[in-house]
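Asker: This is run.tsv, which holds TSV, C-alpha atoms:
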chain	number	residue	atom	x	y	z
A	1	MET	CA	0.65	18.30	-3.09
A	2	ALA	CA	4.32	17.54	-3.53
A	3	ALA	CA	5.02	14.35	-5.44
A	4	GLY	CA	6.95	12.85	-2.54
A	5	VAL	CA	3.89	13.13	-0.33
A	6	ALA	CA	1.65	11.16	-2.65
A	7	VAL	CA	1.63	7.66	-1.24
A	8	CYS	CA	0.34	4.56	-2.93
A	9	ALA	CA	-0.28	1.89	-0.47
A	10	ILE	CA	-0.27	-1.80	-0.96
A	11	ALA	CA	-2.64	-4.63	-0.27
A	12	ALA	CA	-3.87	-4.14	3.22
A	13	ALA	CA	-2.77	-7.26	5.05
A	14	GLY	CA	0.92	-6.48	5.30
A	15	THR	CA	3.15	-8.57	3.05
A	16	PRO	CA	1.35	-8.96	-0.28
A	17	VAL	CA	0.39	-12.41	-1.48
A	18	LEU	CA	-0.67	-13.07	-5.05
A	19	ALA	CA	-4.23	-14.31	-4.80
A	20	ALA	CA	-6.33	-16.38	-7.15
A	21	PRO	CA	-7.93	-14.41	-10.00
A	22	ALA	CA	-11.54	-13.32	-9.89
A	23	PRO	CA	-14.18	-15.42	-11.63
A	24	ALA	CA	-13.91	-15.36	-15.41
A	25	ALA	CA	-17.33	-13.75	-15.69
A	26	ALA	CA	-19.05	-11.27	-13.40
A	27	ALA	CA	-22.68	-10.65	-12.62
A	28	ALA	CA	-24.34	-7.60	-14.14
A	29	PRO	CA	-22.70	-4.65	-12.37
A	30	ALA	CA	-24.14	-1.46	-11.02
A	31	ALA	CA	-23.35	1.61	-13.07
A	32	SER	CA	-19.72	2.72	-12.76
A	33	SER	CA	-18.42	6.22	-13.27
A	34	PRO	CA	-17.87	7.16	-16.95
A	35	ASP	CA	-15.06	9.45	-15.75
A	36	TRP	CA	-12.83	6.44	-15.02
A	37	THR	CA	-11.41	4.35	-17.84
A	38	ALA	CA	-9.67	0.97	-17.69
A	39	THR	CA	-6.99	-0.43	-19.98
A	40	PRO	CA	-4.98	-3.66	-19.71
A	41	LEU	CA	-1.44	-3.31	-18.43
A	42	PRO	CA	1.40	-5.03	-20.29
A	43	LEU	CA	2.96	-8.20	-18.88
A	44	PRO	CA	6.67	-8.57	-18.12
A	45	THR	CA	8.51	-10.82	-20.54
A	46	GLY	CA	8.20	-14.41	-19.37
A	47	ALA	CA	5.16	-13.85	-17.16
A	48	MET	CA	2.68	-16.70	-17.03
A	49	GLN	CA	-0.77	-15.63	-18.18
A	50	ASN	CA	-3.05	-14.31	-15.44
A	51	THR	CA	-0.32	-14.20	-12.78
A	52	PHE	CA	0.89	-10.58	-12.94
A	53	GLN	CA	-0.69	-8.57	-10.14
A	54	PRO	CA	0.26	-4.92	-9.59
A	55	LEU	CA	0.54	-3.74	-5.99
A	56	ALA	CA	1.57	-0.07	-6.03
A	57	ILE	CA	1.90	3.05	-8.17
A	58	SER	CA	3.43	6.51	-7.74
A	59	CYS	CA	3.17	9.37	-10.23
A	60	SER	CA	5.27	12.51	-9.94
A	61	SER	CA	3.19	14.05	-12.78
A	62	ALA	CA	0.56	13.08	-15.32
A	63	THR	CA	3.34	11.99	-17.69
A	64	SER	CA	5.61	10.10	-15.29
A	65	CYS	CA	4.60	7.08	-13.18
A	66	TYR	CA	6.24	3.97	-11.79
A	67	GLY	CA	4.50	0.93	-10.40
A	68	GLY	CA	5.36	-2.41	-8.87
A	69	GLY	CA	4.01	-5.89	-8.37
A	70	GLY	CA	4.79	-9.54	-8.85
A	71	TYR	CA	4.27	-12.36	-11.37
A	72	ARG	CA	4.96	-16.06	-11.84
A	73	ASP	CA	7.54	-17.11	-14.42
A	74	SER	CA	7.59	-20.40	-16.37
A	75	ARG	CA	9.19	-22.17	-13.38
A	76	PHE	CA	6.50	-20.76	-11.08
A	77	ASN	CA	8.98	-18.51	-9.28
A	78	LEU	CA	7.40	-15.32	-7.96
A	79	GLN	CA	9.38	-12.52	-9.62
A	80	PRO	CA	9.32	-8.77	-8.86
A	81	ALA	CA	7.96	-6.42	-11.53
A	82	LEU	CA	8.28	-2.72	-12.34
A	83	LEU	CA	5.88	-0.65	-14.43
A	84	THR	CA	6.87	2.57	-16.22
A	85	TRP	CA	4.68	5.32	-17.74
A	86	THR	CA	6.30	7.98	-19.91
A	87	GLY	CA	3.13	9.83	-20.84
A	88	THR	CA	2.48	7.78	-23.97
A	89	ASP	CA	3.19	4.11	-23.17
A	90	TRP	CA	3.27	1.69	-20.26
A	91	THR	CA	6.04	-0.90	-20.11
A	92	ALA	CA	6.55	-3.78	-17.68
A	93	ALA	CA	9.78	-5.56	-16.81
A	94	GLN	CA	11.31	-7.79	-14.18
A	95	ALA	CA	12.81	-5.72	-11.38
A	96	PRO	CA	16.45	-6.25	-10.45
A	97	LEU	CA	17.24	-8.37	-7.40
A	98	PRO	CA	20.07	-8.05	-4.85
A	99	THR	CA	23.23	-9.97	-5.69
A	100	ASP	CA	22.54	-12.70	-3.11
A	101	ALA	CA	19.12	-13.58	-4.56
A	102	SER	CA	18.23	-17.26	-4.64
A	103	PRO	CA	17.45	-18.92	-8.01
A	104	ILE	CA	14.19	-20.10	-6.37
A	105	GLN	CA	12.48	-16.77	-5.93
A	106	LEU	CA	9.60	-15.35	-3.89
A	107	ALA	CA	9.83	-11.63	-4.66
A	108	THR	CA	7.49	-8.68	-5.15
A	109	VAL	CA	7.66	-4.91	-5.46
A	110	ALA	CA	4.99	-3.74	-3.03
A	111	SER	CA	5.65	-0.03	-2.55
A	112	VAL	CA	6.76	2.88	-4.73
A	113	SER	CA	7.36	6.60	-4.12
A	114	CYS	CA	8.73	8.96	-6.76
A	115	PRO	CA	9.62	12.53	-5.77
A	116	SER	CA	10.42	13.37	-9.43
A	117	ALA	CA	10.53	11.81	-12.88
A	118	ALA	CA	14.25	11.20	-12.47
A	119	SER	CA	14.20	9.90	-8.89
A	120	CYS	CA	12.20	7.02	-7.49
A	121	PHE	CA	12.32	4.49	-4.67
A	122	ALA	CA	10.59	1.13	-4.34
A	123	GLY	CA	10.45	-1.64	-1.78
A	124	GLY	CA	9.32	-5.21	-1.38
A	125	LYS	CA	10.74	-8.58	-0.49
A	126	TYR	CA	12.88	-11.35	-2.02
A	127	ARG	CA	14.41	-14.71	-1.16
A	128	ALA	CA	18.15	-14.68	-0.51
A	129	ASN	CA	20.52	-17.64	-0.44
A	130	PRO	CA	20.23	-20.01	1.40
A	131	GLY	CA	16.49	-19.30	1.54
A	132	ASP	CA	16.13	-16.36	3.93
A	133	ASN	CA	13.22	-14.00	3.25
A	134	GLN	CA	14.59	-10.45	3.20
A	135	GLY	CA	13.28	-6.95	2.60
A	136	MET	CA	14.31	-5.33	-0.68
A	137	LEU	CA	14.96	-1.68	-1.56
A	138	LEU	CA	15.15	-0.36	-5.13
A	139	THR	CA	16.51	3.00	-6.24
A	140	LEU	CA	16.10	4.72	-9.62
A	141	SER	CA	18.97	7.04	-10.51
A	142	GLY	CA	20.25	8.05	-13.92
A	143	GLY	CA	17.53	6.00	-15.58
A	144	THR	CA	18.69	2.74	-13.97
A	145	TRP	CA	17.16	0.73	-11.14
A	146	THR	CA	19.44	-0.91	-8.57
A	147	ALA	CA	18.47	-3.32	-5.79
A	148	ALA	CA	19.78	-3.83	-2.27
A	149	THR	CA	18.85	-5.81	0.83
A	150	ALA	CA	16.94	-3.68	3.34
A	151	PRO	CA	18.84	-3.14	6.60
A	152	LEU	CA	17.21	-4.49	9.76
A	153	PRO	CA	17.47	-3.76	13.48
A	154	ALA	CA	20.15	-5.66	15.37
A	155	ASN	CA	17.60	-8.02	16.96
A	156	ALA	CA	16.36	-9.43	13.63
A	157	ASP	CA	16.32	-13.22	13.21
A	158	PRO	CA	18.79	-14.81	10.74
A	159	ASN	CA	15.75	-15.55	8.58
A	160	PRO	CA	13.77	-12.37	9.36
A	161	ASP	CA	10.82	-12.87	7.00
A	162	ALA	CA	11.12	-9.16	6.27
A	163	ALA	CA	9.25	-6.99	3.77
A	164	VAL	CA	9.06	-3.31	2.82
A	165	ASN	CA	5.36	-2.50	2.37
A	166	GLY	CA	5.09	1.30	2.15
A	167	MET	CA	7.17	4.37	1.22
A	168	SER	CA	7.00	8.15	1.28
A	169	CYS	CA	9.88	10.07	-0.32
A	170	ARG	CA	9.97	13.85	-0.40
A	171	SER	CA	13.21	14.12	-2.38
A	172	ALA	CA	16.10	12.07	-3.75
A	173	ASN	CA	17.82	12.61	-0.39
A	174	TRP	CA	14.99	11.95	2.08
A	175	CYS	CA	12.68	8.95	2.28
A	176	THR	CA	10.79	6.88	4.85
A	177	ALA	CA	9.74	3.26	4.39
A	178	VAL	CA	7.83	0.79	6.57
A	179	GLY	CA	7.24	-2.93	6.79
A	180	GLN	CA	7.89	-5.79	9.18
A	181	TYR	CA	10.52	-8.32	10.31
A	182	ASP	CA	10.85	-11.17	12.81
A	183	SER	CA	12.81	-11.22	16.05
A	184	ALA	CA	12.77	-14.41	18.15
A	185	ASN	CA	9.94	-15.54	15.84
A	186	VAL	CA	7.80	-12.54	16.82
A	187	GLN	CA	6.81	-10.02	14.16
A	188	TYR	CA	7.79	-6.36	14.66
A	189	GLY	CA	7.12	-3.23	12.68
A	190	LEU	CA	10.06	-2.02	10.58
A	191	LEU	CA	10.92	1.67	10.12
A	192	LEU	CA	13.50	2.69	7.52
A	193	ARG	CA	14.95	6.14	6.82
A	194	TRP	CA	16.96	7.21	3.73
A	195	SER	CA	19.22	10.16	4.50
A	196	ASP	CA	22.75	11.11	3.46
A	197	GLN	CA	22.64	8.36	0.80
A	198	GLU	CA	22.16	5.62	3.41
A	199	TRP	CA	19.26	3.53	4.71
A	200	THR	CA	18.99	3.01	8.48
A	201	ALA	CA	16.55	0.73	10.31
A	202	THR	CA	14.75	0.86	13.64
A	203	ALA	CA	12.05	-1.25	15.27
A	204	ALA	CA	8.62	0.34	15.48
A	205	PRO	CA	7.30	1.22	18.94
A	206	VAL	CA	4.63	-1.16	20.22
A	207	ALA	CA	1.49	-0.18	22.12
A	208	ALA	CA	1.25	-1.53	25.67
A	209	GLY	CA	0.01	-5.11	25.60
A	210	SER	CA	0.51	-5.60	21.85
A	211	GLU	CA	2.40	-8.62	20.55
A	212	VAL	CA	2.67	-8.35	16.76
A	213	ILE	CA	2.79	-5.37	14.45
A	214	THR	CA	2.83	-4.98	10.67
A	215	LEU	CA	3.12	-1.60	8.95
A	216	SER	CA	1.45	-1.30	5.56
A	217	ALA	CA	1.85	2.33	4.47
A	218	VAL	CA	3.38	5.68	5.40
A	219	SER	CA	2.92	9.32	4.41
A	220	CYS	CA	5.22	12.22	5.31
A	221	PRO	CA	3.85	15.72	4.63
A	222	SER	CA	7.17	17.15	5.88
A	223	VAL	CA	10.56	15.89	7.04
A	224	ALA	CA	9.38	16.56	10.60
A	225	ARG	CA	6.04	14.73	10.40
A	226	CYS	CA	5.01	11.25	9.20
A	227	PHE	CA	2.12	8.88	9.82
A	228	ALA	CA	2.46	5.11	9.39
A	229	VAL	CA	-0.41	2.60	9.52
A	230	GLY	CA	-1.01	-1.14	9.66
A	231	TYR	CA	-2.31	-3.58	12.25
A	232	GLN	CA	-1.34	-5.11	15.58
A	233	LEU	CA	-2.46	-7.93	17.88
A	234	ASP	CA	-3.54	-6.85	21.34
A	235	ALA	CA	-3.06	-8.80	24.58
A	236	LEU	CA	-6.11	-10.96	23.72
A	237	ASP	CA	-4.81	-11.63	20.19
A	238	ASN	CA	-7.52	-9.40	18.69
A	239	GLN	CA	-6.37	-7.72	15.49
A	240	GLN	CA	-6.57	-3.96	15.92
A	241	PRO	CA	-5.55	-1.04	13.70
A	242	VAL	CA	-2.22	0.61	14.45
A	243	MET	CA	-0.99	4.11	13.71
A	244	LEU	CA	2.40	5.65	14.44
A	245	THR	CA	3.60	9.21	14.05
A	246	TRP	CA	7.05	10.71	13.51
A	247	TRP	CA	7.15	13.97	15.45
A	248	ARG	CA	9.89	15.79	17.33
A	249	LYS	CA	12.44	13.35	15.92
A	250	GLN	CA	10.89	10.23	17.34
A	251	TRP	CA	8.23	7.63	16.50
A	252	SER	CA	5.31	7.12	18.88
A	253	VAL	CA	2.00	5.26	18.95
A	254	VAL	CA	-1.18	7.22	18.13
A	255	ASN	CA	-4.41	6.24	19.87
A	256	ILE	CA	-7.20	5.80	17.32
A	257	ALA	CA	-10.69	4.32	17.48
A	258	LEU	CA	-12.79	2.38	14.99
A	259	PRO	CA	-16.47	3.18	14.30
A	260	PRO	CA	-18.71	2.37	17.30
A	261	ASP	CA	-20.17	-0.75	15.64
A	262	ALA	CA	-16.78	-2.52	15.50
A	263	ALA	CA	-16.65	-6.09	16.84
A	264	THR	CA	-14.57	-6.95	19.92
A	265	ASN	CA	-12.13	-8.62	17.55
A	266	PRO	CA	-12.53	-6.38	14.50
A	267	GLU	CA	-9.73	-8.07	12.52
A	268	ALA	CA	-8.91	-4.51	11.51
A	269	VAL	CA	-6.11	-3.31	9.26
A	270	LEU	CA	-5.23	0.09	7.85
A	271	GLY	CA	-3.87	-0.34	4.34
A	272	GLY	CA	-3.25	3.23	3.18
A	273	VAL	CA	-2.59	6.77	4.35
A	274	SER	CA	-2.02	10.06	2.53
A	275	CYS	CA	-1.25	13.46	4.05
A	276	PRO	CA	-1.41	16.49	1.74
A	277	ALA	CA	-0.53	18.76	4.68
A	278	VAL	CA	0.82	18.45	8.21
A	279	ARG	CA	-2.68	19.00	9.60
A	280	ARG	CA	-4.63	17.01	7.03
A	281	CYS	CA	-4.48	13.23	6.48
A	282	ILE	CA	-6.75	10.41	5.37
A	283	ALA	CA	-6.19	6.77	6.31
A	284	ALA	CA	-8.23	3.81	5.08
A	285	GLY	CA	-8.64	0.11	5.76
A	286	SER	CA	-11.19	-2.44	6.90
A	287	TYR	CA	-12.80	-3.91	10.02
A	288	ILE	CA	-15.49	-6.40	11.06
A	289	ASP	CA	-18.58	-4.93	12.64
A	290	SER	CA	-20.66	-6.43	15.47
A	291	ALA	CA	-22.90	-8.19	12.92
A	292	GLY	CA	-19.90	-9.98	11.39
A	293	ASN	CA	-19.74	-7.89	8.20
A	294	THR	CA	-16.45	-6.71	6.73
A	295	GLU	CA	-16.68	-2.95	6.19
A	296	GLY	CA	-14.35	-0.26	4.93
A	297	VAL	CA	-13.13	2.35	7.41
A	298	LEU	CA	-12.04	5.94	6.74
A	299	LEU	CA	-10.08	8.00	9.28
A	300	SER	CA	-9.59	11.76	9.00
A	301	TRP	CA	-6.89	13.83	10.75
A	302	SER	CA	-7.83	17.41	11.59
A	303	GLY	CA	-4.43	18.34	12.97
A	304	LYS	CA	-5.55	17.51	16.50
A	305	THR	CA	-7.68	14.35	16.41
A	306	TRP	CA	-8.47	11.34	14.24
A	307	THR	CA	-12.13	10.55	13.55
A	308	ALA	CA	-13.40	7.29	12.04
A	309	GLN	CA	-16.39	6.49	9.87
A	310	THR	CA	-17.66	3.46	7.97
A	311	ALA	CA	-16.95	3.87	4.27
A	312	PRO	CA	-19.90	4.36	1.91
A	313	LEU	CA	-20.48	1.69	-0.74
A	314	PRO	CA	-22.19	1.51	-4.14
A	315	ALA	CA	-25.88	0.57	-4.21
A	316	ASN	CA	-25.20	-3.01	-5.37
A	317	ALA	CA	-23.07	-3.92	-2.33
A	318	GLY	CA	-24.11	-7.07	-0.48
A	319	ALA	CA	-25.32	-7.14	3.13
A	320	ASN	CA	-21.82	-8.37	3.97
A	321	PRO	CA	-19.82	-6.36	1.42
A	322	TRP	CA	-16.37	-7.76	2.27
A	323	ALA	CA	-15.06	-4.25	1.69
A	324	LEU	CA	-11.29	-3.74	1.73
A	325	LEU	CA	-9.67	-0.32	1.28
A	326	ASN	CA	-6.07	-0.68	0.14
A	327	ALA	CA	-4.74	2.66	-1.07
A	328	VAL	CA	-5.18	6.42	-0.61
A	329	SER	CA	-3.96	9.47	-2.51
A	330	CYS	CA	-4.88	13.06	-1.59
A	331	PRO	CA	-3.57	15.70	-4.04
A	332	THR	CA	-5.01	18.56	-1.99
A	333	ARG	CA	-6.45	19.15	1.49
A	334	SER	CA	-10.00	18.82	0.12
A	335	ARG	CA	-9.61	16.07	-2.50
A	336	CYS	CA	-8.83	12.38	-1.94
A	337	THR	CA	-9.23	9.11	-3.82
A	338	VAL	CA	-9.33	5.71	-2.13
A	339	GLY	CA	-9.16	2.36	-3.92
A	340	GLY	CA	-10.20	-1.12	-2.86
A	341	THR	CA	-12.74	-3.87	-3.45
A	342	TYR	CA	-16.21	-5.02	-2.33
A	343	GLU	CA	-18.73	-7.76	-3.12
A	344	ASP	CA	-22.37	-7.77	-4.16
A	345	ALA	CA	-25.07	-10.09	-2.80
A	346	SER	CA	-23.88	-12.92	-5.07
A	347	SER	CA	-20.29	-12.64	-3.71
A	348	THR	CA	-19.01	-11.20	-7.00
A	349	PRO	CA	-16.04	-8.86	-6.43
A	350	PHE	CA	-16.00	-5.34	-7.84
A	351	GLY	CA	-13.41	-2.62	-7.75
A	352	LEU	CA	-14.24	0.21	-5.35
A	353	ILE	CA	-13.40	3.90	-5.80
A	354	LEU	CA	-14.15	6.46	-3.09
A	355	ASN	CA	-13.83	10.15	-3.87
A	356	ARG	CA	-13.72	12.91	-1.27
A	357	THR	CA	-14.58	16.50	-2.13
A	358	GLY	CA	-14.53	18.83	0.84
A	359	THR	CA	-15.92	16.65	3.63
A	360	THR	CA	-18.20	14.47	1.48
A	361	TRP	CA	-17.36	10.93	0.36
A	362	THR	CA	-18.98	9.28	-2.66
A	363	ALA	CA	-18.61	5.61	-3.67
A	364	ILE	CA	-18.55	4.32	-7.23
A	365	GLU	CA	-17.91	0.96	-8.81
A	366	ALA	CA	-14.71	0.69	-10.86
A	367	PRO	CA	-14.89	-0.34	-14.52
A	368	ALA	CA	-15.86	-3.99	-14.84
A	369	SER	CA	-12.41	-5.37	-15.73
A	370	ALA	CA	-10.90	-4.16	-12.44
A	371	TYR	CA	-11.94	-5.96	-9.27
A	372	ASN	CA	-9.36	-4.97	-6.62
A	373	LEU	CA	-7.60	-1.59	-6.67
A	374	THR	CA	-4.25	-1.99	-4.91
A	375	GLY	CA	-2.54	1.32	-5.66
A	376	VAL	CA	-3.70	4.90	-6.30
A	377	SER	CA	-1.71	8.02	-7.17
A	378	CYS	CA	-3.18	11.43	-7.96
A	379	PRO	CA	-0.36	13.82	-8.93
A	380	SER	CA	-2.83	16.69	-9.35
A	381	THR	CA	-6.50	17.45	-8.76
A	382	PRO	CA	-7.75	16.53	-12.26
A	383	SER	CA	-5.47	13.51	-12.74
A	384	CYS	CA	-5.52	10.11	-10.99
A	385	PHE	CA	-4.00	6.75	-11.80
A	386	ALA	CA	-4.77	3.41	-10.16
A	387	VAL	CA	-3.64	-0.17	-10.63
A	388	SER	CA	-5.90	-3.14	-10.07
A	389	TRP	CA	-5.96	-6.88	-10.21
A	390	GLY	CA	-8.04	-7.73	-13.26
A	391	ILE	CA	-9.90	-10.57	-14.91
A	392	GLY	CA	-7.24	-12.25	-17.07
A	393	GLN	CA	-4.80	-9.30	-17.02
A	394	PRO	CA	-3.84	-6.45	-14.67
A	395	VAL	CA	-5.64	-3.17	-15.23
A	396	LEU	CA	-4.68	0.51	-15.25
A	397	LEU	CA	-7.39	2.97	-14.29
A	398	THR	CA	-7.32	6.66	-15.11
A	399	GLY	CA	-9.77	9.13	-13.68
A	400	PRO	CA	-10.48	12.67	-12.56
Show this structure as structure tokens.
Answerer:
Amino acid sequence: MAAGVAVCAIAAAGTPVLAAPAPAAAAAPAASSPDWTATPLPLPTGAMQNTFQPLAISCSSATSCYGGGGYRDSRFNLQPALLTWTGTDWTAAQAPLPTDASPIQLATVASVSCPSAASCFAGGKYRANPGDNQGMLLTLSGGTWTAATAPLPANADPNPDAAVNGMSCRSANWCTAVGQYDSANVQYGLLLRWSDQEWTATAAPVAAGSEVITLSAVSCPSVARCFAVGYQLDALDNQQPVMLTWWRKQWSVVNIALPPDAATNPEAVLGGVSCPAVRRCIAAGSYIDSAGNTEGVLLSWSGKTWTAQTAPLPANAGANPWALLNAVSCPTRSRCTVGGTYEDASSTPFGLILNRTGTTWTAIEAPASAYNLTGVSCPSTPSCFAVSWGIGQPVLLTGP
């Protein structure tokens, strides 16, 4: 699959929030796959211990990756972070901010897409003077990252509470990003397009009866076709999954269904999507079933229809597994990797890895130091990278 198609999604509930760390010690885990290894990621200079949490990763090859996240500095400002992999070493640094950034900061890098080792795009959010929360766009060119405020539709509020949550970039000249912004204090989906060296913004279409929409991730297998996912509130304020498609030069709403055991208010969200071909996509997220359990959901696109299934889980999952699927990467039509988290019967969180070969999904527990996979990128069939929140320090996972 082309590097620009590989999409690493962010934490599923729209704008990422740095959560409290997992317990310092975990219960005895079920066996995890020996094919996946975990190593601590470096911290940006000035990061307070146990505050750096990665949110996204994109690898154009096995020797070139970029990631993003956020961390607290000594003044407890939330600062944006960038990760870099050159094939031998990982480095972490504070990301640049737009020129109007406030000294009191609330910034993260939540999405990354790199069509090549020399070209990369990233998105997130930051606080501008005099305190407006704006979307942020980062561009890597000539080895240097630059930051700019994300454009917004004309109806955006003065303080739009905007964020860029997902990206899919096929080349240095063509990119799509998604997120959300406020208009008249109502949240709308944000669609951004990079073409002719310029970003343009449009409001996402809204399904009939819906009130609020947040877009979490996007994948574009071609310049003519994209799928974007997230969540929306219906007329009864039930949180439902949302999917949009770019086709025939316009965005439209796609009708999708959850598994048949979904609750009336499933509190559903789709956190990731990856399309290795125009007629092959996988989307992933979570929903609440009729028994009140939080389950993972997997949706498959055949080129004509989307079908949904409850995600499998490792044997040690609790009766209510609190499963969240955050990120998807499919290097080929028959291979996919999904990352997330789940809990055992004692409410201990574990990292979750789902692998798809052909039409079969298998679930494994991530190495013990990783408890919530937030980004996955598989630049080729035998090579996958993932980032995870970890116990004491963020974690990089490498696997088949």
Asker: Which residues are near Ala319 of chain A? Cut-off 10 Å, all atoms listed in the file, ignore same chain within fewer than 3 positions. Put them as a PyMOL selection string.
Answerer: chain A and resi 293-294+316+322+343-345
Asker: So what do you get for atom CA of Cys378 of chain A versus atom CA of Thr305 of chain A, distance-wise?
Answerer: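 Going from atom CA of Cys378 of chain A over to atom CA of Thr305 of chain A covers 25.0 Å.
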Asker: With all atoms listed in the file as the basis for distance, which of A:Leu55, A:Leu244, A:Pro153, A:Val223 is at the shortest distance from Thr202 of chain A?
Answerer: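 Nearest candidate to Thr202 of chain A out of A:Leu55, A:Leu244, A:Pro153, A:Val223: A:Pro153.
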Asker: Between atom CA of Gly230 of chain A and atom CA of Ser102 of chain A, what is the spacing in Å?
Answerer: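 Taking atom CA of Ser102 of chain A and atom CA of Gly230 of chain A, their separation equals 28.9 Å.
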Asker: Extract, using only C-alpha atoms, all DNA, RNA and protein residues at most 12 Å from Thr200 of chain A, discarding same-chain residues fewer than 4 positions from it, and format them as a ChimeraX atom specification.
Answerer: /A:137,149-154,174-178,190-196
Asker: Compile a residue-level contact table for segment 283-375 of chain A against segment 214-221 of chain A at a cut-off of 10 Å, reporting for every qualifying residue the shortest atom pair and its distance in Å to one decimal, with all atoms listed in the file counted, rows ordered by chain and ascending number, as a Markdown table.
Answerer:
| residue | atom | partner | partner_atom | distance |
| --- | --- | --- | --- | --- |
| A:Ala283 | CA | A:Ala217 | CA | 9.4 |
| A:Asn326 | CA | A:Ser216 | CA | 9.3 |
| A:Ala327 | CA | A:Ala217 | CA | 8.6 |
| A:Val328 | CA | A:Ala217 | CA | 9.6 |
| A:Ser329 | CA | A:Ser219 | CA | 9.8 |
Asker: Using all atoms listed in the file for the distances, tell me which of A:Ala47, A:Val212, A:Leu236, A:Val338 is nearest to Gly296 of chain A.
Answerer: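 Result for the nearest residue to Gly296 of chain A: A:Val338.
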Asker: Nearest to Pro103 of chain A among A:Ser119, A:Tyr126, A:Ala81, A:Asp261, with distances taken over all atoms listed in the file: which residue is it?
Answerer: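 With all atoms listed in the file as the atom set, the closest residue is A:Tyr126.
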Asker: Provide the atom CA of Ala268 of chain A to atom CA of Ala317 of chain A distance in Å, to one decimal place.
Answerer: 19.8 Å
Asker: Of the candidates A:Pro314, A:Ile213, A:Gly70, A:Ala207, which one gets nearest to Asn50 of chain A if we count only C-alpha atoms?
Answerer: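 Looking only at the distances to Asn50 of chain A, the closest residue turns out to be A:Gly70.
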Asker: May I have the residues within 12 Å of Ala147 of chain A as a list in words, using all atoms listed in the file and disregarding those fewer than 3 positions away in the same chain?
Answerer: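 After dropping sequence-adjacent residues, the list is Pro80, Gln94, Ala95, Pro96, Leu97, Pro98, Thr99, Asp100, Ala101, Val109, Phe121, Ala122, Gly123, Gly124, Lys125, Tyr126, Gly135, Met136, Leu137, Leu138, Thr139, Leu140, Ser141, Thr144 and Ala150 of chain A.
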Asker: Skipping near chain neighbours, those fewer than 4 positions away, what residues fall within 12 Å of Asp89 of chain A using all atoms listed in the file, listed as a list in words?
Answerer: Thr39, Pro40, Leu41, Pro42, Thr63, Ser64, Cys65, Tyr66, Leu83, Thr84, Trp85 and Leu396 of chain A
Asker: Could you save the residues just selected, with C-alpha atoms, as a CSV table (one decimal), in the coordinates of the input?
Answerer:
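Saved the output as result.csv:
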chain,number,residue,atom,x,y,z
A,39,THR,CA,-7.0,-0.4,-20.0
A,40,PRO,CA,-5.0,-3.7,-19.7
A,41,LEU,CA,-1.4,-3.3,-18.4
A,42,PRO,CA,1.4,-5.0,-20.3
A,63,THR,CA,3.3,12.0,-17.7
A,64,SER,CA,5.6,10.1,-15.3
A,65,CYS,CA,4.6,7.1,-13.2
A,66,TYR,CA,6.2,4.0,-11.8
A,83,LEU,CA,5.9,-0.6,-14.4
A,84,THR,CA,6.9,2.6,-16.2
A,85,TRP,CA,4.7,5.3,-17.7
A,396,LEU,CA,-4.7,0.5,-15.2
Asker: Determine the nearest neighbour of Ser58 of chain A from the options A:Gly209, A:Gly46, A:Gly166, A:Gly375, counting only C-alpha atoms.
Answerer: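 The closest residue to Ser58 of chain A is A:Gly375.
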Asker: Would you list the residues near (1.7, 16.7, 9.0), meaning any protein, DNA or RNA residue with an atom at most 6 Å from that point in file coordinates, counting only C-alpha atoms, as a compact mmCIF listing (two decimals) with C-alpha atoms, in the coordinates of the input?
Answerer:
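Dumped to out_14.txt:
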# COMPACT_ATOMS: atom_id res chain seq x y z
CA PRO A 221 3.85 15.72 4.63
CA ARG A 225 6.04 14.73 10.40
CA ALA A 277 -0.53 18.76 4.68
CA VAL A 278 0.82 18.45 8.21
CA ARG A 279 -2.68 19.00 9.60
